[in-house]
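Heads up: the structure comes next, in structure tokens.
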Amino acid sequence: MKIYTRTGDAGDTGLFGGGRVPKNHPRVEAYGDVDELNAAIGFARSVEQIPRIDEVLVPVQRDLFAIGALLATPDREKMRQHLDKARVDEERIAQLEHAIDDGDRELEPLRAFIVPGGSPKAAALHVARTVCRRAERRVVALSEFESEEIPGVVVIYLNRLSDLLFTLARVANRRSGAGEVTW
């Protein structure tokens, strides 16, 4: 299979399950941002490997593949199948919350805004967090676009994931001794 197909040369792209839309369609914007988020997390994992943090992120990347596939699929039944396959559900969100709570136990309570940065690992996690927030906004916009029905668990997952990435950035700074700069 060749990597190039030339089918998108006119500015449109194919969706899972059939159909074509312009490359700037809200659906493509949403799954494109989820793909960018997955890449940003992959980059964060490659920087200053920290076992507990990286172990939490690998399953997140798998979840994001499923969410991206869901967003690229206008067929509601196939959306449900993608979520079921990935097990992106309330239990998975509870696992993210548990990981946030675990990280918080290592940290001083927040008393001010944190300026993104610190160690390279933390800075990469902060970038991933901001990409996650954008992906969340795009998914919300998609759900409002022509009444696209996106399962609510997707927005909840992305919202919780951005909190997790923030917490992991703080943990990375603490473990590296970089400290935090407050605003």
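Residue numbers start at 1 in each chain; chains themselves are named A, B, ... in the order of the structure tokens; ligands are numbered from 1 in the order shown.
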
>> I'd like the neighbourhood of Leu161 (chain A) as a ChimeraX atom specification, where a residue qualifies if any of its atoms comes within 9 Å (using only C-alpha atoms), though same-chain residues fewer than 6 positions away should be ignored.
In response: /A:60,93,96-97,129,132-133

Write the residues you've just listed into a file as a compact mmCIF listing (two decimals), in the first residue's frame, and include C-alpha atoms for each of them.
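Generated output (out27.txt):
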# COMPACT_ATOMS: atom_id res chain seq x y z
CA VAL A 60 -4.08 7.09 26.77
CA ILE A 93 -12.58 8.16 33.07
CA LEU A 96 -7.85 8.92 34.67
CA GLU A 97 -9.20 10.51 37.84
CA ARG A 129 -2.29 19.72 27.67
CA CYS A 132 -5.85 18.50 24.46
CA ARG A 133 -7.88 21.59 25.37

> Which residues come within 9 Å of Pro26 (chain A), counting only C-alpha atoms, excluding same-chain residues fewer than 3 positions away, as a PyMOL selection string?
Replying inline: chain A and resi 23+29-31+138-139+141-142+145

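A straight line drawn from CA of Phe113 (chain A) to CA of Asn159 (chain A) is 18.2 Å long.
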
>> Restricting the calculation to only C-alpha atoms: of A:Gln95, A:Val58, A:Val154, A:Arg175, which residue gets closest to Phe43 (chain A)?
In response: A:Val58

>> According to DSSP computed on the backbone, where in chain A is there helix (DSSP H, G or I)? Give the residues as a VMD selection string.
In response: chain A and resid 26 to 46 51 to 71 76 to 86 90 to 104 120 to 147 152 to 176

>> DSSP on the backbone: which residues in chain A end up as strand (DSSP E)? Give the answer as a PyMOL selection string.
In response: chain A and resi 12-14+20-22+114-115+181-182

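Note that the spacing between CA of Arg137 (chain A) and CA of Thr7 (chain A) amounts to 28.4 Å.
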